[in-house]
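Asks: Questions regarding the structure given below will be posed in turn.
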Amino acid sequence: MKLANKVVFMAGAGSSAPGWSIGKATCVTLARQGASIVAVDKHLQAAEESAEEIRKTGGIALALQADVADQHSIEQAVARAISEFGGIDVYIANAGIGKIGGIVETETADMDLIYQVNVQSLLIASKLIIPSMLQRGGGAIVTISSVAGIRYLGYPHLAYSVTKAALIQFTRMIAQEYAGRGIRANTVVPGLIDTPRVQKNVSAAFSSDNNPDEVRSKRNQQVPMQRMGTAWEVANAIAFLASDDASYITGTELVVDGGLTGK
Ligand code: NAD
């Protein structure tokens with residue numbers, strides 16, 4: 001039980017479509033390691049579904065509705081987590097959105113919104129959560145970027161790529177600022193992961209007629225391991241960085257991509 005007695009604030013804990021998202025799989029994986037999970041999502045039902053999965057296996061979970069880009073809403077969620085569990089040890093920044101398209105398709109309003117959710121949210125939550133971590137003698141922050149933040153994936157995904165790149169550097173900055181005070185901060189960089197959101201949204205970028213078999217085959221061919229990853233494989237990387245197994249690891253990125261970025 002590598003996360004026994006730890007309280008995890010999991011932002012983006014749900015799934016945007018039925019099935020196992022990275023957030024939902026991470027909630028269950030961390031709970032199995034003994035953590036109590038505050039499952040926070042913009043959609044209460046999505047947070048509740050993750051909390052329910054945790055409770056099914058005897059874990060402890062509290063589902064809360066909050067928008068990571070909204071200061072007031074995150075203030076309330078963090079306050080509730082602290083009053084319910086006494087503090088926060090681990091913060092996972094998993095909520096992320098994007099819009100497929102390049103310069104022509106991306107409006108400045110799209111960039112603003114995607115920046116708010118993918119990057120500004122980290123500033124909002126870190127300001128609120130880090131004081132609790134310091135009070136408890138330390139903590140771990142894990143942010144979820146994307147290989148799109150470090151390389152071009154064959155189709156334009158401008159706002160997503162730019163903000164996911166920023167998230168990596170933001171996390172390194174937190175790591176430097178708090179390295180001497182017991183707080184570690186690292187990023188998991190997933191490659192092509194077979195989550196319900198990807199099945200729904202990215203299909204169009206790979207197949208004109210949206211044929212699911214063609215989409216899956218094209219995505220698999222891109223990856224040296226010749227398959228997409230699962231949400232559970234990303235969750236395991238997040239759990240490692242959140243735990244004391246990673247006690248000397250801070251300010252770095254763990255790429256979980258079946259060899260994609262090494263090509
Ligand atoms: P998902 O959309 O299924 O899950 C994200 C969850 O975050 C959803 O429940 C959604 O409601 C929530 N969310 C979105 N905006 C929010 C907001 N403003 N406030 C609170 N909650 C919000 O996505 P997923 O595919 O499981 O991806 C999870 C994370 O991993 C994202 O950050 C994504 O960018 C990243 N990622 C995914 C892949 C992939 O292939 N699936 C690859 C690389 C990176």
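Ordering of the structure tokens sets the chain letters (A, B, ...), residue numbers begin anew at 1 in every chain, and ligands are numbered from 1 in the order given.
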Output the neighbourhood of ligand 1 as a PDB file with N, CA and C atoms, in the first residue's frame, that is, all protein and nucleic acid residues with some atom at most 6 Å from the ligand, counting only C-alpha atoms and all ligand atoms.
Replies:
ATOM      1  N   GLY A  12      -9.996  16.519 -12.717  1.00  0.00           N
ATOM      2  CA  GLY A  12     -10.288  15.841 -13.989  1.00  0.00           C
ATOM      3  C   GLY A  12     -10.386  14.348 -13.731  1.00  0.00           C
ATOM      4  N   ALA A  13     -11.182  14.004 -12.704  1.00  0.00           N
ATOM      5  CA  ALA A  13     -11.223  12.619 -12.214  1.00  0.00           C
ATOM      6  C   ALA A  13     -12.152  11.724 -13.012  1.00  0.00           C
ATOM      7  N   GLY A  14     -12.970  12.326 -13.853  1.00  0.00           N
ATOM      8  CA  GLY A  14     -13.988  11.526 -14.538  1.00  0.00           C
ATOM      9  C   GLY A  14     -13.574  11.102 -15.925  1.00  0.00           C
ATOM     10  N   SER A  15     -14.599  10.743 -16.703  1.00  0.00           N
ATOM     11  CA  SER A  15     -14.374  10.355 -18.096  1.00  0.00           C
ATOM     12  C   SER A  15     -15.383  11.121 -18.936  1.00  0.00           C
ATOM     13  N   SER A  16     -14.924  11.671 -20.068  1.00  0.00           N
ATOM     14  CA  SER A  16     -15.852  12.475 -20.857  1.00  0.00           C
ATOM     15  C   SER A  16     -16.780  11.617 -21.712  1.00  0.00           C
ATOM     16  N   SER A  21     -11.282   6.380 -18.703  1.00  0.00           N
ATOM     17  CA  SER A  21     -10.396   7.505 -19.017  1.00  0.00           C
ATOM     18  C   SER A  21      -9.140   7.375 -18.150  1.00  0.00           C
ATOM     19  N   ILE A  22      -8.173   8.242 -18.410  1.00  0.00           N
ATOM     20  CA  ILE A  22      -6.954   8.259 -17.587  1.00  0.00           C
ATOM     21  C   ILE A  22      -7.306   8.644 -16.141  1.00  0.00           C
ATOM     22  N   GLY A  23      -8.175   9.636 -15.981  1.00  0.00           N
ATOM     23  CA  GLY A  23      -8.534  10.090 -14.636  1.00  0.00           C
ATOM     24  C   GLY A  23      -9.216   9.003 -13.827  1.00  0.00           C
ATOM     25  N   ASP A  41     -14.337  16.938 -10.728  1.00  0.00           N
ATOM     26  CA  ASP A  41     -14.564  17.035 -12.175  1.00  0.00           C
ATOM     27  C   ASP A  41     -15.584  18.125 -12.453  1.00  0.00           C
ATOM     28  N   LYS A  42     -15.523  18.670 -13.662  1.00  0.00           N
ATOM     29  CA  LYS A  42     -16.480  19.684 -14.090  1.00  0.00           C
ATOM     30  C   LYS A  42     -17.892  19.099 -14.076  1.00  0.00           C
ATOM     31  N   HIS A  43     -17.966  17.816 -14.368  1.00  0.00           N
ATOM     32  CA  HIS A  43     -19.267  17.131 -14.391  1.00  0.00           C
ATOM     33  C   HIS A  43     -19.378  16.247 -13.150  1.00  0.00           C
ATOM     34  N   ALA A  46     -19.641  12.501 -13.632  1.00  0.00           N
ATOM     35  CA  ALA A  46     -18.377  11.835 -13.992  1.00  0.00           C
ATOM     36  C   ALA A  46     -17.529  11.606 -12.741  1.00  0.00           C
ATOM     37  N   ALA A  66     -16.273  20.740  -9.748  1.00  0.00           N
ATOM     38  CA  ALA A  66     -15.540  22.008  -9.811  1.00  0.00           C
ATOM     39  C   ALA A  66     -14.923  22.149 -11.197  1.00  0.00           C
ATOM     40  N   ASP A  67     -14.838  23.402 -11.641  1.00  0.00           N
ATOM     41  CA  ASP A  67     -14.190  23.704 -12.926  1.00  0.00           C
ATOM     42  C   ASP A  67     -12.768  24.166 -12.602  1.00  0.00           C
ATOM     43  N   VAL A  68     -11.762  23.439 -13.113  1.00  0.00           N
ATOM     44  CA  VAL A  68     -10.373  23.760 -12.752  1.00  0.00           C
ATOM     45  C   VAL A  68      -9.945  25.164 -13.187  1.00  0.00           C
ATOM     46  N   ALA A  69     -10.652  25.735 -14.150  1.00  0.00           N
ATOM     47  CA  ALA A  69     -10.291  27.067 -14.635  1.00  0.00           C
ATOM     48  C   ALA A  69     -10.958  28.170 -13.818  1.00  0.00           C
ATOM     49  N   ASN A  94      -5.044  16.490 -14.072  1.00  0.00           N
ATOM     50  CA  ASN A  94      -5.347  15.641 -15.229  1.00  0.00           C
ATOM     51  C   ASN A  94      -6.360  16.269 -16.184  1.00  0.00           C
ATOM     52  N   ALA A  95      -7.112  17.270 -15.731  1.00  0.00           N
ATOM     53  CA  ALA A  95      -8.132  17.855 -16.622  1.00  0.00           C
ATOM     54  C   ALA A  95      -7.438  18.478 -17.823  1.00  0.00           C
ATOM     55  N   GLY A  96      -7.902  18.157 -18.996  1.00  0.00           N
ATOM     56  CA  GLY A  96      -7.278  18.727 -20.193  1.00  0.00           C
ATOM     57  C   GLY A  96      -8.271  18.743 -21.338  1.00  0.00           C
ATOM     58  N   ILE A  97      -8.179  19.796 -22.148  1.00  0.00           N
ATOM     59  CA  ILE A  97      -9.045  19.884 -23.327  1.00  0.00           C
ATOM     60  C   ILE A  97      -8.204  20.322 -24.522  1.00  0.00           C
ATOM     61  N   VAL A 117      -7.797  26.034 -19.008  1.00  0.00           N
ATOM     62  CA  VAL A 117      -8.011  24.679 -18.467  1.00  0.00           C
ATOM     63  C   VAL A 117      -6.695  23.907 -18.338  1.00  0.00           C
ATOM     64  N   ILE A 144      -0.413  16.100 -16.139  1.00  0.00           N
ATOM     65  CA  ILE A 144      -0.560  15.205 -17.282  1.00  0.00           C
ATOM     66  C   ILE A 144      -0.468  16.040 -18.559  1.00  0.00           C
ATOM     67  N   SER A 145       0.659  15.898 -19.246  1.00  0.00           N
ATOM     68  CA  SER A 145       0.844  16.614 -20.507  1.00  0.00           C
ATOM     69  C   SER A 145       0.448  15.672 -21.650  1.00  0.00           C
ATOM     70  N   SER A 146       1.201  15.695 -22.737  1.00  0.00           N
ATOM     71  CA  SER A 146       0.919  14.844 -23.902  1.00  0.00           C
ATOM     72  C   SER A 146       2.145  14.861 -24.801  1.00  0.00           C
ATOM     73  N   PRO A 190       1.675  11.172 -21.748  1.00  0.00           N
ATOM     74  CA  PRO A 190       1.104  10.023 -22.452  1.00  0.00           C
ATOM     75  C   PRO A 190       1.202  10.192 -23.968  1.00  0.00           C
ATOM     76  N   GLY A 191       1.327   9.042 -24.636  1.00  0.00           N
ATOM     77  CA  GLY A 191       1.294   9.031 -26.105  1.00  0.00           C
ATOM     78  C   GLY A 191      -0.131   8.829 -26.580  1.00  0.00           C
ATOM     79  N   LEU A 192      -0.319   7.883 -27.482  1.00  0.00           N
ATOM     80  CA  LEU A 192      -1.666   7.621 -28.001  1.00  0.00           C
ATOM     81  C   LEU A 192      -2.346   6.623 -27.075  1.00  0.00           C
ATOM     82  N   ILE A 193      -3.279   7.108 -26.312  1.00  0.00           N
ATOM     83  CA  ILE A 193      -3.929   6.285 -25.289  1.00  0.00           C
ATOM     84  C   ILE A 193      -5.391   6.057 -25.676  1.00  0.00           C
ATOM     85  N   ASP A 194      -5.797   4.813 -25.563  1.00  0.00           N
ATOM     86  CA  ASP A 194      -7.118   4.410 -26.036  1.00  0.00           C
ATOM     87  C   ASP A 194      -8.196   4.732 -25.010  1.00  0.00           C
ATOM     88  N   THR A 195      -8.517   6.019 -24.865  1.00  0.00           N
ATOM     89  CA  THR A 195      -9.575   6.412 -23.921  1.00  0.00           C
ATOM     90  C   THR A 195     -10.842   6.735 -24.715  1.00  0.00           C
ATOM     91  N   PRO A 196     -11.985   6.760 -24.029  1.00  0.00           N
ATOM     92  CA  PRO A 196     -13.245   7.057 -24.727  1.00  0.00           C
ATOM     93  C   PRO A 196     -13.220   8.409 -25.452  1.00  0.00           C
ATOM     94  N   ARG A 197     -12.541   9.399 -24.867  1.00  0.00           N
ATOM     95  CA  ARG A 197     -12.480  10.721 -25.512  1.00  0.00           C
ATOM     96  C   ARG A 197     -11.767  10.637 -26.860  1.00  0.00           C
ATOM     97  N   VAL A 198     -10.672   9.886 -26.875  1.00  0.00           N
ATOM     98  CA  VAL A 198      -9.902   9.760 -28.115  1.00  0.00           C
ATOM     99  C   VAL A 198     -10.713   8.992 -29.147  1.00  0.00           C
TER     100      VAL A 198
END
Asks: Just asking: which residues within region 28-198 of chain A are strand (DSSP E or B) according to DSSP, as number ranges by chain?
Replies: A: 36-41, 60-65, 90-93, 101, 139-144, 157, 183-190, 193
Asks: Would you output that residue set with C-alpha atoms, as a PDB file, in the first residue's frame?
Replies:
ATOM      1  CA  SER A  36      -8.225   8.560  -0.096  1.00  0.00           C
ATOM      2  CA  ILE A  37      -9.359  10.231  -3.313  1.00  0.00           C
ATOM      3  CA  VAL A  38     -11.043  13.602  -3.736  1.00  0.00           C
ATOM      4  CA  ALA A  39     -12.451  13.090  -7.235  1.00  0.00           C
ATOM      5  CA  VAL A  40     -12.999  16.524  -8.779  1.00  0.00           C
ATOM      6  CA  ASP A  41     -14.564  17.035 -12.175  1.00  0.00           C
ATOM      7  CA  ILE A  60     -12.414   5.957   0.219  1.00  0.00           C
ATOM      8  CA  ALA A  61     -13.622   8.653  -2.174  1.00  0.00           C
ATOM      9  CA  LEU A  62     -15.354  12.022  -2.150  1.00  0.00           C
ATOM     10  CA  ALA A  63     -16.812  13.283  -5.449  1.00  0.00           C
ATOM     11  CA  LEU A  64     -16.922  17.041  -6.008  1.00  0.00           C
ATOM     12  CA  GLN A  65     -18.008  19.247  -8.899  1.00  0.00           C
ATOM     13  CA  VAL A  90      -0.945  14.572  -3.685  1.00  0.00           C
ATOM     14  CA  TYR A  91      -2.353  16.768  -6.443  1.00  0.00           C
ATOM     15  CA  ILE A  92      -2.927  15.276  -9.892  1.00  0.00           C
ATOM     16  CA  ALA A  93      -3.602  17.817 -12.660  1.00  0.00           C
ATOM     17  CA  GLY A 101      -6.785  22.561 -35.978  1.00  0.00           C
ATOM     18  CA  GLY A 139       3.769  16.302  -1.106  1.00  0.00           C
ATOM     19  CA  ALA A 140       3.728  15.303  -4.748  1.00  0.00           C
ATOM     20  CA  ILE A 141       2.289  17.041  -7.791  1.00  0.00           C
ATOM     21  CA  VAL A 142       1.805  15.109 -11.018  1.00  0.00           C
ATOM     22  CA  THR A 143       0.684  16.934 -14.140  1.00  0.00           C
ATOM     23  CA  ILE A 144      -0.560  15.205 -17.282  1.00  0.00           C
ATOM     24  CA  HIS A 157      -3.492  20.377 -32.773  1.00  0.00           C
ATOM     25  CA  ILE A 183       7.326  18.893  -2.575  1.00  0.00           C
ATOM     26  CA  ARG A 184       8.110  17.030  -5.796  1.00  0.00           C
ATOM     27  CA  ALA A 185       6.523  17.953  -9.138  1.00  0.00           C
ATOM     28  CA  ASN A 186       6.707  15.813 -12.271  1.00  0.00           C
ATOM     29  CA  THR A 187       4.846  15.366 -15.528  1.00  0.00           C
ATOM     30  CA  VAL A 188       3.511  12.215 -17.137  1.00  0.00           C
ATOM     31  CA  VAL A 189       3.564  12.490 -20.926  1.00  0.00           C
ATOM     32  CA  PRO A 190       1.104  10.023 -22.452  1.00  0.00           C
ATOM     33  CA  ILE A 193      -3.929   6.285 -25.289  1.00  0.00           C
TER      34      ILE A 193
END
Asks: Identify which of the residues A:Ile74, A:Ala51, A:Ile114, A:Val223 lies closest to Val147 (chain A), counting only C-alpha atoms when measuring atom-to-atom distances.
Replies: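 Closest to Val147 (chain A), using only C-alpha atoms: A:Val223.
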Asks: Which of these residues is nearest to Ala231 (chain A), using only C-alpha atoms: A:Phe9, A:Tyr248, A:Tyr155, A:Trp20?
Replies: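 Ranking A:Phe9, A:Tyr248, A:Tyr155, A:Trp20 by distance to Ala231 (chain A), first place goes to A:Trp20.
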